[in-house]
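Report on the following structure.
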Amino acid sequence: MRLAPRLVLAFGSVAALSVAGLGYVLREDRRQSETRRFEQEVGSACDRVKAEIDRQAERDRKLVAGACQSGELVDRALIWLEAGSLDDERRLALSRLVPEERQAFDLDELVLATADGDLLGQDPLASPHAPREDIAKLVAGDVARFSLRPSPEPAVVVRCRSLGTAGRAVGLVGTRHLSPLLDRLGKTVDVKVSLDELDGVSPDAVQASCPLSDAAGNRLPIVVTKLKTELVENLTRIDQTVVYAGLAATGVALMLAVLLARSLGRPIAELASEARKVAAGEARPLRVGGAGEIAELAQAFDTMLVDLEATRRRLAATSRAAAWREVARRVAHEVKNPLAPIRAAVETLRRLRARDDPEFYAYFDEATRIVLDEVHRISNIVTEFTRFARLSAPRPQPLDVADLARQVARLHETSAHGARLHVVVGRVPPSVRADRDQIVQVLTNLVQNALDAVKDTGQGAEVRLSIDTEGSGHVSVTVSDNGPGVSPEIASRLFEPYATTKPHGTGLGLAIAQRIAIEHNGELSYVAAATGRGAAFRLVLPVEGPPLASV
């Protein structure tokens, strides 16, 4: 990003952040004070709701207790029960009186039953009826206090019992559902009251929980919620004020930034324009006008250009000399090895010839074979080095890597010496853009190295070519074997020129293969075998092919 936009962005950011920070502090202070007030109101409302439920439950308990003391319904049921005359007709008469009694008490449910669980009347009717044991337990509850019923519908339960002279008892159990009561109380205190668990405070409301409990330990979670409508309106007005102030301050800061950027940006832009010419190879001193630090920068840049050009010439000469010295050392080392047996064979022939030794002719064939083999080896070294030095740029074309791997495997089946070649395709790879001949050269080198590694393994020798996709946009080919593997000493130098463990290898095969992979913007690496035995080499190629510069 250029200097002018940076200055504009910096000044605008400082102004906007300053106003935003001040507005945020004011907003948070107002939000916290209003939230505390809302929490106090909600907490007070929660206590009022709980107290009102207690008062309503106590009123219901007194009404039901009065029915047991002097009510006609309970007295009639107790008299008939003690007399043993509770026939079907009288049961029906009692059951018809229960709905009238429930409406008179303004309860949601009313049950008339004996202490041993005999249901005499119920409103509303439940289907199916509860077992006698449950009814007996319901009648036998505490008559001095209300109890809570969590399910099937949360409710407050009150009861009374009237005892007869023969030890028999009749009970009346009344139930008031909490949901209608909570709705009515919520409208009274201008809050929302519910029976939900308080999992978390809503961002748009203030909530408080005041659990309701009875003497038996039953608990019902009562949650009181009040919307932050007034708080949200106040915060919205504060936000609008902060936004307007921020826009005004940012506008002033931007105008100052533009004026400052013009005075600083123009000479720096001219300096950058001249610097781009240096990158293009036109290394000449710059003449950029300006004052103060800008002039010092231009002067320092001119001095640097002169030093850079001299350093570049020295580095180029030094690099070329070092590269040629390394090439000469490598080639001399590789050529020197075959010369030793050639020299020994020729000297032996000369000694045998000088003394007319009869072994001369017997040794002649072996000596000439040694000389020809070593000369052939020198020729291979020179040929491989030439290929390494003159490797042409890849000519990419659409290529099916899996099909190409199968073709390479078929070509090597006849020279596998009993080893089995397997081609395993994981996820079907997409087509890649690559030079067919060069990729065949890489795979051929890897397969031939693997076959050489397992040729002394005997039965069970195996070479596997695994093709798969590597993430998005890459295809991999892994050539693995179950041979003796690669020693740690040579593993770190596998891709160096002339690094080899084969007695007749040139050591350039893997170096050429890695260079082909790099030219394709890919990678060739040695990885540990998945089976813990043998060696594995992985070739990773990008689907889009080599970079345009290499095409």
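Residues in the structure tokens are numbered from 1 in each chain, the chains being A, B, ... in the order shown, and ligands are numbered from 1 in the order shown.
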- Task: Would you list the contacts of stretch 214-230 of chain A as number ranges by chain, taking every protein, DNA or RNA residue within 8 Å and counting only C-alpha atoms, but skipping same-chain residues closer than 4 positions in sequence?
- Result: A: 38, 42, 45-46, 145-150, 154, 190-198, 204-210, 234
- Message: Show me, as a list in words, the residues that have an atom within 12 Å of A:Asn449 when counting only C-alpha atoms, minus same-chain residues fewer than 4 positions from it.
- Response: His412, Ala416, Val442, Leu443, Thr444, Asn445, Ala453, Val454, Lys455, Val463, Val479, Ser480, Asp481, Gly483, Gly485, Val486, Leu494, Thr500, Thr501, Lys502, Gly505, Gly507, Gly509, Leu510, Gly534, Ala535, Ala536 and Phe537 of chain A
Selection file, C-alpha atoms, as a JSON list (two decimals), in the first residue's frame:
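Saved result, selection-v7.json, follows:
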```json
[["chain", "number", "residue", "atom", "x", "y", "z"],
["A", 412, "HIS", "CA", 9.32, -53.68, -16.33],
["A", 416, "ALA", "CA", 11.41, -57.98, -12.66],
["A", 442, "VAL", "CA", 11.23, -40.37, -13.33],
["A", 443, "LEU", "CA", 8.94, -43.37, -12.82],
["A", 444, "THR", "CA", 11.28, -45.67, -14.76],
["A", 445, "ASN", "CA", 14.20, -44.62, -12.56],
["A", 453, "ALA", "CA", 16.67, -53.36, -4.28],
["A", 454, "VAL", "CA", 14.47, -56.50, -4.17],
["A", 455, "LYS", "CA", 16.31, -58.69, -6.67],
["A", 463, "VAL", "CA", 7.25, -53.33, -5.81],
["A", 479, "VAL", "CA", 6.98, -46.24, -5.44],
["A", 480, "SER", "CA", 7.74, -48.59, -2.53],
["A", 481, "ASP", "CA", 9.51, -51.93, -2.15],
["A", 483, "GLY", "CA", 13.88, -54.69, 0.04],
["A", 485, "GLY", "CA", 15.88, -50.26, 2.63],
["A", 486, "VAL", "CA", 18.21, -47.25, 2.59],
["A", 494, "LEU", "CA", 20.08, -39.56, -2.06],
["A", 500, "THR", "CA", 24.90, -43.99, -5.16],
["A", 501, "THR", "CA", 25.16, -47.38, -3.47],
["A", 502, "LYS", "CA", 25.19, -49.39, -6.73],
["A", 505, "GLY", "CA", 25.60, -46.67, -10.91],
["A", 507, "GLY", "CA", 24.57, -41.46, -9.06],
["A", 509, "GLY", "CA", 19.43, -40.86, -11.78],
["A", 510, "LEU", "CA", 17.72, -39.51, -8.65],
["A", 534, "GLY", "CA", 12.12, -51.32, 2.43],
["A", 535, "ALA", "CA", 12.14, -47.87, 0.87],
["A", 536, "ALA", "CA", 9.54, -45.54, -0.61],
["A", 537, "PHE", "CA", 9.84, -42.52, -2.89]]
```
- Query: Nearest to A:Gly23 among A:Phe105, A:Tyr244, A:Trp80, A:Phe360, with distances taken over only C-alpha atoms: which residue is it?
  - Reply: A:Tyr244
- Query: Which of these, A:Arg343, A:Arg27, A:Arg353, A:Arg96, has the shortest distance to A:Thr241 once you count only C-alpha atoms?
  - Reply: A:Arg27
